[in-house]
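Asker: This is final.pdb (PDB, N, CA, C and O atoms).
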```pdb
ATOM      1  N   MET A 219      32.955 -51.829 -39.899
ATOM      2  CA  MET A 219      32.038 -51.005 -40.666
ATOM      3  C   MET A 219      30.627 -51.563 -40.513
ATOM      4  O   MET A 219      30.396 -52.757 -40.667
ATOM      5  N   ASN A 220      29.662 -50.713 -40.207
ATOM      6  CA  ASN A 220      28.271 -51.133 -40.062
ATOM      7  C   ASN A 220      27.570 -51.083 -41.403
ATOM      8  O   ASN A 220      27.661 -50.092 -42.117
ATOM      9  N   GLU A 221      26.862 -52.142 -41.717
ATOM     10  CA  GLU A 221      26.093 -52.183 -42.953
ATOM     11  C   GLU A 221      24.724 -51.560 -42.696
ATOM     12  O   GLU A 221      24.097 -51.803 -41.671
ATOM     13  N   THR A 222      24.256 -50.761 -43.628
ATOM     14  CA  THR A 222      22.930 -50.175 -43.536
ATOM     15  C   THR A 222      21.915 -51.236 -43.930
ATOM     16  O   THR A 222      22.038 -51.867 -44.971
ATOM     17  N   ILE A 223      20.911 -51.444 -43.084
ATOM     18  CA  ILE A 223      19.903 -52.487 -43.278
ATOM     19  C   ILE A 223      18.632 -51.876 -43.864
ATOM     20  O   ILE A 223      18.245 -50.760 -43.524
ATOM     21  N   CYS A 224      17.972 -52.617 -44.706
ATOM     22  CA  CYS A 224      16.722 -52.198 -45.337
ATOM     23  C   CYS A 224      15.669 -51.845 -44.273
ATOM     24  O   CYS A 224      15.560 -52.513 -43.246
ATOM     25  N   SER A 225      14.897 -50.795 -44.545
ATOM     26  CA  SER A 225      13.867 -50.325 -43.613
ATOM     27  C   SER A 225      12.559 -51.103 -43.704
ATOM     28  O   SER A 225      11.687 -50.937 -42.844
ATOM     29  N   ARG A 226      12.387 -51.937 -44.703
ATOM     30  CA  ARG A 226      11.155 -52.718 -44.846
ATOM     31  C   ARG A 226      11.022 -53.660 -43.655
ATOM     32  O   ARG A 226      11.982 -54.340 -43.273
ATOM     33  N   ALA A 227       9.860 -53.685 -43.049
ATOM     34  CA  ALA A 227       9.625 -54.530 -41.870
ATOM     35  C   ALA A 227      10.015 -55.972 -42.155
ATOM     36  O   ALA A 227       9.603 -56.545 -43.157
ATOM     37  N   GLY A 228      10.825 -56.531 -41.288
ATOM     38  CA  GLY A 228      11.217 -57.928 -41.379
ATOM     39  C   GLY A 228      12.385 -58.207 -42.310
ATOM     40  O   GLY A 228      12.879 -59.322 -42.354
ATOM     41  N   CYS A 229      12.827 -57.222 -43.066
ATOM     42  CA  CYS A 229      13.937 -57.437 -44.000
ATOM     43  C   CYS A 229      15.254 -57.175 -43.282
ATOM     44  O   CYS A 229      15.393 -56.190 -42.553
ATOM     45  N   ARG A 230      16.216 -58.025 -43.480
ATOM     46  CA  ARG A 230      17.541 -57.868 -42.876
ATOM     47  C   ARG A 230      18.629 -57.724 -43.938
ATOM     48  O   ARG A 230      19.813 -57.817 -43.641
ATOM     49  N   GLU A 231      18.229 -57.476 -45.191
ATOM     50  CA  GLU A 231      19.198 -57.333 -46.282
ATOM     51  C   GLU A 231      19.912 -55.986 -46.201
ATOM     52  O   GLU A 231      19.385 -55.023 -45.653
ATOM     53  N   GLY A 232      21.079 -55.938 -46.780
ATOM     54  CA  GLY A 232      21.818 -54.686 -46.859
ATOM     55  C   GLY A 232      21.148 -53.721 -47.820
ATOM     56  O   GLY A 232      20.639 -54.127 -48.860
ATOM     57  N   ALA A 233      21.131 -52.460 -47.456
ATOM     58  CA  ALA A 233      20.499 -51.438 -48.299
ATOM     59  C   ALA A 233      21.475 -50.923 -49.346
ATOM     60  O   ALA A 233      22.674 -50.805 -49.087
ATOM     61  N   ARG A 234      20.937 -50.626 -50.524
ATOM     62  CA  ARG A 234      21.708 -50.000 -51.594
ATOM     63  C   ARG A 234      21.071 -48.693 -52.038
ATOM     64  O   ARG A 234      21.623 -47.987 -52.861
ATOM     65  N   TRP A 235      19.894 -48.381 -51.500
ATOM     66  CA  TRP A 235      19.123 -47.211 -51.916
ATOM     67  C   TRP A 235      18.643 -46.423 -50.713
ATOM     68  O   TRP A 235      18.440 -46.986 -49.644
ATOM     69  N   LEU A 236      18.421 -45.134 -50.926
ATOM     70  CA  LEU A 236      17.748 -44.289 -49.952
ATOM     71  C   LEU A 236      16.459 -43.773 -50.584
ATOM     72  O   LEU A 236      16.479 -43.235 -51.691
ATOM     73  N   VAL A 237      15.369 -43.970 -49.893
ATOM     74  CA  VAL A 237      14.085 -43.419 -50.309
ATOM     75  C   VAL A 237      13.901 -42.156 -49.476
ATOM     76  O   VAL A 237      13.767 -42.222 -48.256
ATOM     77  N   VAL A 238      13.929 -41.003 -50.146
ATOM     78  CA  VAL A 238      13.894 -39.705 -49.479
ATOM     79  C   VAL A 238      12.489 -39.138 -49.645
ATOM     80  O   VAL A 238      11.973 -39.063 -50.759
ATOM     81  N   TRP A 239      11.880 -38.733 -48.526
ATOM     82  CA  TRP A 239      10.481 -38.314 -48.586
ATOM     83  C   TRP A 239      10.153 -37.328 -47.482
ATOM     84  O   TRP A 239      10.942 -37.092 -46.584
ATOM     85  N   ARG A 240       8.956 -36.763 -47.580
ATOM     86  CA  ARG A 240       8.416 -35.944 -46.497
ATOM     87  C   ARG A 240       6.897 -35.971 -46.585
ATOM     88  O   ARG A 240       6.318 -36.205 -47.636
ATOM     89  N   ASN A 241       6.260 -35.726 -45.455
ATOM     90  CA  ASN A 241       4.807 -35.606 -45.390
ATOM     91  C   ASN A 241       4.500 -34.110 -45.414
ATOM     92  O   ASN A 241       4.719 -33.420 -44.424
ATOM     93  N   PRO A 242       4.006 -33.584 -46.537
ATOM     94  CA  PRO A 242       3.821 -32.134 -46.646
ATOM     95  C   PRO A 242       2.759 -31.575 -45.700
ATOM     96  O   PRO A 242       2.736 -30.374 -45.447
ATOM     97  N   ARG A 243       1.924 -32.422 -45.146
ATOM     98  CA  ARG A 243       0.916 -31.949 -44.206
ATOM     99  C   ARG A 243       1.509 -31.619 -42.839
ATOM    100  O   ARG A 243       0.948 -30.820 -42.100
ATOM    101  N   ILE A 244       2.640 -32.226 -42.506
ATOM    102  CA  ILE A 244       3.223 -31.978 -41.181
ATOM    103  C   ILE A 244       4.688 -31.544 -41.202
ATOM    104  O   ILE A 244       5.186 -31.070 -40.188
ATOM    105  N   HIS A 245       5.378 -31.690 -42.345
ATOM    106  CA  HIS A 245       6.792 -31.333 -42.417
ATOM    107  C   HIS A 245       6.994 -30.114 -43.315
ATOM    108  O   HIS A 245       6.409 -30.038 -44.390
ATOM    109  N   PRO A 246       7.838 -29.170 -42.908
ATOM    110  CA  PRO A 246       8.169 -28.042 -43.786
ATOM    111  C   PRO A 246       8.958 -28.544 -45.004
ATOM    112  O   PRO A 246       9.492 -29.660 -45.007
ATOM    113  N   ALA A 247       9.049 -27.717 -46.026
ATOM    114  CA  ALA A 247       9.687 -28.109 -47.290
ATOM    115  C   ALA A 247      11.145 -28.540 -47.126
ATOM    116  O   ALA A 247      11.640 -29.366 -47.893
ATOM    117  N   ASP A 248      11.833 -28.008 -46.114
ATOM    118  CA  ASP A 248      13.244 -28.362 -45.940
ATOM    119  C   ASP A 248      13.461 -29.613 -45.084
ATOM    120  O   ASP A 248      14.589 -30.054 -44.904
ATOM    121  N   ARG A 249      12.399 -30.203 -44.597
ATOM    122  CA  ARG A 249      12.515 -31.434 -43.779
ATOM    123  C   ARG A 249      12.379 -32.644 -44.675
ATOM    124  O   ARG A 249      11.390 -32.806 -45.373
ATOM    125  N   ARG A 250      13.392 -33.485 -44.675
ATOM    126  CA  ARG A 250      13.356 -34.709 -45.481
ATOM    127  C   ARG A 250      13.652 -35.894 -44.588
ATOM    128  O   ARG A 250      14.533 -35.840 -43.746
ATOM    129  N   LYS A 251      12.904 -36.949 -44.772
ATOM    130  CA  LYS A 251      13.128 -38.189 -44.024
ATOM    131  C   LYS A 251      13.681 -39.215 -45.001
ATOM    132  O   LYS A 251      13.469 -39.115 -46.207
ATOM    133  N   THR A 252      14.400 -40.208 -44.486
ATOM    134  CA  THR A 252      14.962 -41.228 -45.369
ATOM    135  C   THR A 252      14.681 -42.622 -44.828
ATOM    136  O   THR A 252      14.684 -42.841 -43.613
ATOM    137  N   TRP A 253      14.413 -43.505 -45.743
ATOM    138  CA  TRP A 253      14.340 -44.926 -45.460
ATOM    139  C   TRP A 253      15.405 -45.599 -46.311
ATOM    140  O   TRP A 253      15.582 -45.259 -47.487
ATOM    141  N   ALA A 254      16.109 -46.542 -45.761
ATOM    142  CA  ALA A 254      17.069 -47.343 -46.508
ATOM    143  C   ALA A 254      16.317 -48.495 -47.171
ATOM    144  O   ALA A 254      15.326 -48.980 -46.633
ATOM    145  N   ALA A 255      16.778 -48.912 -48.342
ATOM    146  CA  ALA A 255      16.081 -49.984 -49.060
ATOM    147  C   ALA A 255      17.062 -50.897 -49.786
ATOM    148  O   ALA A 255      18.053 -50.433 -50.341
ATOM    149  N   CYS A 256      16.745 -52.169 -49.776
ATOM    150  CA  CYS A 256      17.493 -53.145 -50.571
ATOM    151  C   CYS A 256      16.899 -53.135 -51.990
ATOM    152  O   CYS A 256      15.872 -52.508 -52.247
ATOM    153  N   ASP A 257      17.534 -53.854 -52.904
ATOM    154  CA  ASP A 257      17.041 -53.914 -54.283
ATOM    155  C   ASP A 257      15.611 -54.445 -54.357
ATOM    156  O   ASP A 257      14.807 -53.963 -55.149
ATOM    157  N   GLU A 258      15.289 -55.420 -53.534
ATOM    158  CA  GLU A 258      13.963 -56.035 -53.585
ATOM    159  C   GLU A 258      12.857 -55.099 -53.113
ATOM    160  O   GLU A 258      11.744 -55.134 -53.628
ATOM    161  N   HIS A 259      13.142 -54.230 -52.142
ATOM    162  CA  HIS A 259      12.083 -53.425 -51.524
ATOM    163  C   HIS A 259      12.072 -51.952 -51.911
ATOM    164  O   HIS A 259      11.174 -51.220 -51.480
ATOM    165  N   VAL A 260      13.016 -51.482 -52.701
ATOM    166  CA  VAL A 260      13.057 -50.063 -53.050
ATOM    167  C   VAL A 260      11.769 -49.627 -53.753
ATOM    168  O   VAL A 260      11.198 -48.577 -53.446
ATOM    169  N   GLY A 261      11.268 -50.420 -54.673
ATOM    170  CA  GLY A 261      10.034 -50.083 -55.378
ATOM    171  C   GLY A 261       8.831 -50.088 -54.458
ATOM    172  O   GLY A 261       7.970 -49.211 -54.536
ATOM    173  N   TYR A 262       8.763 -51.071 -53.574
ATOM    174  CA  TYR A 262       7.652 -51.155 -52.621
ATOM    175  C   TYR A 262       7.609 -49.924 -51.721
ATOM    176  O   TYR A 262       6.545 -49.308 -51.540
ATOM    177  N   LEU A 263       8.747 -49.539 -51.153
ATOM    178  CA  LEU A 263       8.781 -48.394 -50.254
ATOM    179  C   LEU A 263       8.467 -47.090 -50.999
ATOM    180  O   LEU A 263       7.719 -46.246 -50.504
ATOM    181  N   ARG A 264       9.026 -46.934 -52.194
ATOM    182  CA  ARG A 264       8.741 -45.740 -52.999
ATOM    183  C   ARG A 264       7.250 -45.664 -53.325
ATOM    184  O   ARG A 264       6.617 -44.617 -53.160
ATOM    185  N   ASP A 265       6.673 -46.762 -53.783
ATOM    186  CA  ASP A 265       5.256 -46.788 -54.154
ATOM    187  C   ASP A 265       4.348 -46.559 -52.951
ATOM    188  O   ASP A 265       3.308 -45.904 -53.061
ATOM    189  N   TYR A 266       4.715 -47.071 -51.796
ATOM    190  CA  TYR A 266       3.947 -46.879 -50.561
ATOM    191  C   TYR A 266       3.809 -45.392 -50.257
ATOM    192  O   TYR A 266       2.730 -44.903 -49.922
ATOM    193  N   LEU A 267       4.903 -44.662 -50.370
ATOM    194  CA  LEU A 267       4.888 -43.229 -50.079
ATOM    195  C   LEU A 267       4.206 -42.436 -51.188
ATOM    196  O   LEU A 267       3.436 -41.508 -50.915
ATOM    197  N   ALA A 268       4.460 -42.787 -52.431
ATOM    198  CA  ALA A 268       3.847 -42.078 -53.554
ATOM    199  C   ALA A 268       2.328 -42.230 -53.541
ATOM    200  O   ALA A 268       1.604 -41.292 -53.891
ATOM    201  N   ALA A 269       1.828 -43.382 -53.115
ATOM    202  CA  ALA A 269       0.379 -43.609 -53.044
ATOM    203  C   ALA A 269      -0.286 -42.671 -52.042
ATOM    204  O   ALA A 269      -1.492 -42.417 -52.125
ATOM    205  N   ARG A 270       0.479 -42.136 -51.114
ATOM    206  CA  ARG A 270      -0.040 -41.196 -50.112
ATOM    207  C   ARG A 270       0.211 -39.741 -50.518
ATOM    208  O   ARG A 270       0.053 -38.817 -49.734
ATOM    209  N   ASP A 271       0.632 -39.557 -51.772
ATOM    210  CA  ASP A 271       0.924 -38.224 -52.325
ATOM    211  C   ASP A 271       2.051 -37.504 -51.598
ATOM    212  O   ASP A 271       2.064 -36.276 -51.512
ATOM    213  N   PHE A 272       2.997 -38.260 -51.050
ATOM    214  CA  PHE A 272       4.169 -37.660 -50.427
ATOM    215  C   PHE A 272       5.221 -37.430 -51.510
ATOM    216  O   PHE A 272       5.425 -38.295 -52.365
ATOM    217  N   PRO A 273       5.906 -36.284 -51.486
ATOM    218  CA  PRO A 273       7.052 -36.119 -52.382
ATOM    219  C   PRO A 273       8.097 -37.191 -52.034
ATOM    220  O   PRO A 273       8.449 -37.365 -50.874
ATOM    221  N   VAL A 274       8.553 -37.902 -53.044
ATOM    222  CA  VAL A 274       9.480 -39.014 -52.810
ATOM    223  C   VAL A 274      10.505 -39.075 -53.940
ATOM    224  O   VAL A 274      10.190 -38.800 -55.093
ATOM    225  N   ALA A 275      11.742 -39.398 -53.575
ATOM    226  CA  ALA A 275      12.817 -39.587 -54.544
ATOM    227  C   ALA A 275      13.656 -40.768 -54.082
ATOM    228  O   ALA A 275      13.682 -41.095 -52.894
ATOM    229  N   VAL A 276      14.336 -41.386 -55.020
ATOM    230  CA  VAL A 276      15.223 -42.512 -54.702
ATOM    231  C   VAL A 276      16.637 -42.127 -55.111
ATOM    232  O   VAL A 276      16.860 -41.636 -56.217
ATOM    233  N   GLU A 277      17.568 -42.336 -54.208
ATOM    234  CA  GLU A 277      18.981 -42.055 -54.449
ATOM    235  C   GLU A 277      19.793 -43.303 -54.140
ATOM    236  O   GLU A 277      19.446 -44.055 -53.225
ATOM    237  N   ALA A 278      20.866 -43.483 -54.868
ATOM    238  CA  ALA A 278      21.782 -44.574 -54.557
ATOM    239  C   ALA A 278      22.438 -44.281 -53.224
ATOM    240  O   ALA A 278      22.809 -43.139 -52.942
ATOM    241  N   LEU A 279      22.557 -45.265 -52.366
ATOM    242  CA  LEU A 279      23.148 -45.083 -51.047
ATOM    243  C   LEU A 279      24.566 -44.551 -51.144
ATOM    244  O   LEU A 279      24.971 -43.670 -50.402
ATOM    245  N   ALA A 280      25.364 -45.040 -52.089
ATOM    246  CA  ALA A 280      26.741 -44.587 -52.243
ATOM    247  C   ALA A 280      26.796 -43.109 -52.589
ATOM    248  O   ALA A 280      27.660 -42.385 -52.112
ATOM    249  N   GLU A 281      25.857 -42.622 -53.424
ATOM    250  CA  GLU A 281      25.822 -41.193 -53.784
ATOM    251  C   GLU A 281      25.481 -40.358 -52.552
ATOM    252  O   GLU A 281      26.051 -39.310 -52.334
ATOM    253  N   ALA A 282      24.549 -40.822 -51.747
ATOM    254  CA  ALA A 282      24.155 -40.086 -50.547
ATOM    255  C   ALA A 282      25.311 -40.017 -49.554
ATOM    256  O   ALA A 282      25.502 -39.008 -48.894
ATOM    257  N   ASP A 283      26.091 -41.098 -49.449
ATOM    258  CA  ASP A 283      27.231 -41.097 -48.548
ATOM    259  C   ASP A 283      28.297 -40.103 -48.979
ATOM    260  O   ASP A 283      28.997 -39.522 -48.147
ATOM    261  N   ALA A 284      28.420 -39.883 -50.298
ATOM    262  CA  ALA A 284      29.439 -38.991 -50.819
ATOM    263  C   ALA A 284      29.081 -37.520 -50.596
ATOM    264  O   ALA A 284      29.964 -36.669 -50.549
ATOM    265  N   SER A 285      27.805 -37.212 -50.447
ATOM    266  CA  SER A 285      27.406 -35.795 -50.287
ATOM    267  C   SER A 285      27.370 -35.347 -48.853
ATOM    268  O   SER A 285      27.570 -36.043 -47.940
TER     269      SER A 285
END
```
Using structure tokens, write down the structure from this file.
Answerer:
Amino acid sequence: MNETICSRAGCREGARWLVVWRNPRIHPADRRKTWAACDEHVGYLRDYLAARDFPVAVEALAEADAS
């Protein structure tokens, strides 16, 4: 089984969260991108995107796998 690794540059921790986002200037409303995040970096990644006025949500990785 492959472990999902955090998307934060330089981090090699296992991810427990998905940061779901899109850039409304270039992506249609139905296009969503995801970054994986560990507990330490989930807030950093969410805040990075929110500061750019991108729609952003955080989901538990296990919930995303179930859907």
Asker: Could you check which of A:Ala233, A:Val276, A:Arg240, A:Asp271 is closest to Ala255 of chain A, using only N, CA, C and O atoms?
Answerer: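 Counting only N, CA, C and O atoms, the residue closest to Ala255 of chain A is A:Ala233.
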Asker: Skipping near chain neighbours, those fewer than 2 positions away, what residues fall within 7 Å of segment 242-245 of chain A using only N, CA, C and O atoms, listed as a ChimeraX atom specification?
Answerer: /A:240,247-249,271-273
Asker: Could those residues be written to a file, using N, CA, C and O atoms, as a PDB file, in the frame of the given file?
Answerer:
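File written: out.pdb
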```pdb
ATOM      1  N   ARG A 240       8.956 -36.763 -47.580  1.00  0.00           N
ATOM      2  CA  ARG A 240       8.416 -35.944 -46.497  1.00  0.00           C
ATOM      3  C   ARG A 240       6.897 -35.971 -46.585  1.00  0.00           C
ATOM      4  O   ARG A 240       6.318 -36.205 -47.636  1.00  0.00           O
ATOM      5  N   ALA A 247       9.049 -27.717 -46.026  1.00  0.00           N
ATOM      6  CA  ALA A 247       9.687 -28.109 -47.290  1.00  0.00           C
ATOM      7  C   ALA A 247      11.145 -28.540 -47.126  1.00  0.00           C
ATOM      8  O   ALA A 247      11.640 -29.366 -47.893  1.00  0.00           O
ATOM      9  N   ASP A 248      11.833 -28.008 -46.114  1.00  0.00           N
ATOM     10  CA  ASP A 248      13.244 -28.362 -45.940  1.00  0.00           C
ATOM     11  C   ASP A 248      13.461 -29.613 -45.084  1.00  0.00           C
ATOM     12  O   ASP A 248      14.589 -30.054 -44.904  1.00  0.00           O
ATOM     13  N   ARG A 249      12.399 -30.203 -44.597  1.00  0.00           N
ATOM     14  CA  ARG A 249      12.515 -31.434 -43.779  1.00  0.00           C
ATOM     15  C   ARG A 249      12.379 -32.644 -44.675  1.00  0.00           C
ATOM     16  O   ARG A 249      11.390 -32.806 -45.373  1.00  0.00           O
ATOM     17  N   ASP A 271       0.632 -39.557 -51.772  1.00  0.00           N
ATOM     18  CA  ASP A 271       0.924 -38.224 -52.325  1.00  0.00           C
ATOM     19  C   ASP A 271       2.051 -37.504 -51.598  1.00  0.00           C
ATOM     20  O   ASP A 271       2.064 -36.276 -51.512  1.00  0.00           O
ATOM     21  N   PHE A 272       2.997 -38.260 -51.050  1.00  0.00           N
ATOM     22  CA  PHE A 272       4.169 -37.660 -50.427  1.00  0.00           C
ATOM     23  C   PHE A 272       5.221 -37.430 -51.510  1.00  0.00           C
ATOM     24  O   PHE A 272       5.425 -38.295 -52.365  1.00  0.00           O
ATOM     25  N   PRO A 273       5.906 -36.284 -51.486  1.00  0.00           N
ATOM     26  CA  PRO A 273       7.052 -36.119 -52.382  1.00  0.00           C
ATOM     27  C   PRO A 273       8.097 -37.191 -52.034  1.00  0.00           C
ATOM     28  O   PRO A 273       8.449 -37.365 -50.874  1.00  0.00           O
TER      29      PRO A 273
END
```
Asker: Could you tell me how far atom N of Trp235 of chain A sits from atom O of Trp253 of chain A, in Å to one decimal place?
Answerer: 6.7 Å
Asker: DSSP on the backbone: which residues in chain A end up as alpha helix (DSSP H)? Give the answer as a PyMOL selection string.
Answerer: chain A and resi 260-268+279-284
Asker: Looking at A:Cys229, A:Ile223, A:Cys256, A:Val237, which one is nearest to Glu277 of chain A, with distances taken over all atoms listed in the file?
Answerer: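 Among the listed residues, A:Val237 lies closest to Glu277 of chain A.
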Asker: Kindly provide, as AutoDock Vina command-line options, the centre and edge lengths (Å, one decimal) of an axis-aligned box around all atoms of segment 261-275 of chain A given in the file, with 3 Å on each side.
Answerer:
```
--center_x 6.1 --center_y -43.6 --center_z -52.6 --size_x 21.2 --size_y 21.0 --size_z 11.6
```
